[in-house]
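Novice: Got a structure here, written out as structure tokens. Questions coming.
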2 protein chains.
Amino acid sequence: MPESPLIGTATDNPPVKGGRREELIVLAASLFEAEGYHQTSMERLAERAGLAKPSLYHYFKSKEEILFEIHLSFIQPLIQRQIRRMELGLRPSQVLLEAVVDHMEVLAEKPGTLRMFFEHHRELGPDRRAQMRENRIRYRRLIEDTITAGVAAGELRPVDPRLTAFALFGMVNWAYKWFHVNGELSPRETAYFLWDLFMRGVQHDGTEAAGPPPPLPSSEPLPELSEQWP
Amino acid sequence: MPESPLIGTATDNPPVKGGRREELIVLAASLFEAEGYHQTSMERLAERAGLAKPSLYHYFKSKEEILFEIHLSFIQPLIQRQIRRMELGLRPSQVLLEAVVDHMEVLAEKPGTLRMFFEHHRELGPDRRAQMRENRIRYRRLIEDTITAGVAAGELRPVDPRLTAFALFGMVNWAYKWFHVNGELSPRETAYFLWDLFMRGVQHDGTEAAGPPPPLPSSEPLPELSEQWP
DNA sequence: TGCCCTCACCCGACCGGTCGGTCGGGCACG
DNA sequence: CGTGCCCGACCGACCGGTCGGGTGAGGGCA
């Protein structure tokens, strides 16, 4: 049984449409990644697909629809997988690690997808944009809930779930800017590095902030620099 | 004495050009933020500036030049301030905090600047893009060096400076996606939250990873989900 | 003081190119 | 003989950028 209609369904919009469509979506993402979304014309995409431009419109109603499908192909499995994981009764920390791994694997397997998702959602029309907004919020809540569960289980110290989720998202999502397939680190290793850093930051501190003292109020910063800050 | 020529200089290109130019740069950034870079025509920008389109070309040679100036107005002060801070002999952790604060303050004071810097650098022409690449790398090295210094000073546990810098950048830079001026947290408070989380993650662990055990090798994840991951 | 020239600043009207998208039709397979 | 798939040719809109010219404040000069 499908999701609530607002959230959107993957490829039921076009009824059957064989695997070619999905190939085109992946191809489009990697082309947009390489040459930029706005810099890539439909003509160019068709060329790379071995088609003429009008043929693309046999598979998609518009360029925006392609962009939207790229979005869906990322967020839908991510949400579903996260839900399943949470149902399995794993430790919250473990759930978080697997979520991070999911992200990093998309990075490796569907080049461009992450960039489109993070940098071009505003180019979607109002309806689709709203739909993606729902999906984003929904996924974020899942992560927040996992964090909250981790706190309740005593795995994490008491933290603000919202801010903490944002921080985790930042660390992980940012990787699309620097992660290279065929780099020294595999997606899984990268995921583990980031997750480990995050977990350490969020664990109970045996010594109650042993390191540098919180300099929040005292650090009115570098007065002689302030004025040259426009 | 100015920087190396490749790195670029702020507003010496146009010789004098009163403060109007800078106003236009800030206005453009906030407009691009609100309506999208490609969705904002020069006509529209002119309108919001109370000018006719040709008048814009009195101040800028092209739309790309505006984009470039937005980039510069962010990265130049950031680099200079970071260099100065490092020369002052503060504790590395303190230097990092101030750097994070810098980011968050730009977010509050120059809306749109961060988004342009992170999402539209690929729209710059080859020369300017290369120039910004230099600046990026340079700034990253400054942060990496600060991290290395922190390790040397015993403030941080031994970590990979490159990966750790990326993680920090992610946490901090991502804030442009969720931070709201007039939200509950000020830029400084937000900076402190993120910095604190980071520092905890990077501190010496008194108990050598007291929390969850590293599940890297064992966690071949959820086989029954794997196949539905395209 | 009055004149003119310069130059920063401004604009209505226009242009050329690009690009998303369409039209009408062709081919082949079940 | 429909239907999935494909295409050459075309169109309309938009947008970055230009052209040629206008205005007025300031400054040198007689």
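By order of appearance in the structure tokens: chains A, B, ..., then residues from 1 within every chain, and ligands from 1 in the order shown.
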Pull out every residue of chain B sitting within 12 Å of chain C, counting only C-alpha atoms (C1' of nucleotides), and send them as a list in words.
Specialist: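 Close enough to count are Val16, Lys17, Gly18, Arg20, Ala46, Gly50, Leu51, Ala52, Lys53, Pro54, Ser55, Leu56, Tyr57, His58 and Tyr59 of chain B.
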Novice: Could you tell me which residues of chain A sit within 6 Å of chain B when counting only C-alpha atoms, and give me the result as a list in words?
Specialist: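 Result: Ala167, Gly170, Met171, Trp174, Leu197, Arg200 and Gly201 of chain A.
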Novice: Output all heavy atoms for every residue in that selection, as a compact mmCIF listing (two decimals), in the first residue's frame.
Specialist:
```
# COMPACT_ATOMS: atom_id res chain seq x y z
N ALA A 167 23.32 19.06 12.74
CA ALA A 167 24.77 18.93 12.75
C ALA A 167 25.20 17.64 12.05
O ALA A 167 26.13 17.63 11.24
CB ALA A 167 25.29 18.96 14.19
N GLY A 170 24.71 17.92 8.37
CA GLY A 170 25.77 18.74 7.78
C GLY A 170 27.02 17.93 7.52
O GLY A 170 27.53 17.88 6.40
N MET A 171 27.50 17.27 8.55
CA MET A 171 28.71 16.47 8.40
C MET A 171 28.59 15.48 7.25
O MET A 171 29.50 15.32 6.44
CB MET A 171 28.98 15.69 9.70
CG MET A 171 29.74 16.45 10.73
SD MET A 171 29.99 15.46 12.23
CE MET A 171 30.25 13.84 11.57
N TRP A 174 27.49 17.08 3.53
CA TRP A 174 28.56 17.87 2.95
C TRP A 174 29.53 17.03 2.14
O TRP A 174 30.23 17.53 1.25
CB TRP A 174 29.32 18.61 4.05
CG TRP A 174 30.10 19.79 3.54
CD1 TRP A 174 31.46 19.90 3.46
CD2 TRP A 174 29.57 21.03 3.06
NE1 TRP A 174 31.80 21.12 2.95
CE2 TRP A 174 30.66 21.83 2.69
CE3 TRP A 174 28.27 21.53 2.90
CZ2 TRP A 174 30.50 23.11 2.18
CZ3 TRP A 174 28.11 22.81 2.38
CH2 TRP A 174 29.22 23.57 2.03
N LEU A 197 33.03 10.32 14.71
CA LEU A 197 33.23 11.68 15.20
C LEU A 197 31.95 12.21 15.84
O LEU A 197 31.96 12.80 16.93
CB LEU A 197 33.64 12.58 14.03
CG LEU A 197 34.11 13.99 14.37
CD1 LEU A 197 35.34 13.95 15.26
CD2 LEU A 197 34.39 14.79 13.11
N ARG A 200 31.17 10.40 19.23
CA ARG A 200 32.02 10.90 20.30
C ARG A 200 31.52 12.26 20.79
O ARG A 200 31.57 12.57 21.98
CB ARG A 200 33.46 11.06 19.81
CG ARG A 200 34.19 9.75 19.63
CD ARG A 200 35.50 10.00 18.90
NE ARG A 200 36.22 8.78 18.64
CZ ARG A 200 37.21 8.33 19.42
NH1 ARG A 200 37.54 8.98 20.52
NH2 ARG A 200 37.82 7.21 19.11
N GLY A 201 31.05 13.07 19.86
CA GLY A 201 30.59 14.40 20.23
C GLY A 201 29.31 14.36 21.04
O GLY A 201 28.97 15.33 21.72
```
Novice: Which chain D residues are at most 9 Å from chain B (counting only C-alpha atoms (C1' of nucleotides)), as number ranges by chain?
Specialist: D: 15-18
Novice: So how far away is CA of Pro92 in chain B from CA of Ile147 in chain B, in Å?
Specialist: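 Between these atoms lies a distance of 6.9 Å.
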Novice: Could you pull out the helix (DSSP H, G or I) residues of chain B from DSSP and send them as a ChimeraX atom specification?
Specialist: /B:5-7,20-35,42-49,53-59,63-87,92-109,113-119,121-123,126-152,161-177,187-202,223-226
Novice: Report the distance between CA of Arg140 in chain B and CA of Leu107 in chain B in Å, rounded to one decimal place.
Specialist: 18.8 Å
Novice: Could you please determine the separation between CA of Ala165 in chain A and CA of Ile75 in chain A in Å, to one decimal place?
Specialist: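 These two atoms are separated by 16.6 Å.
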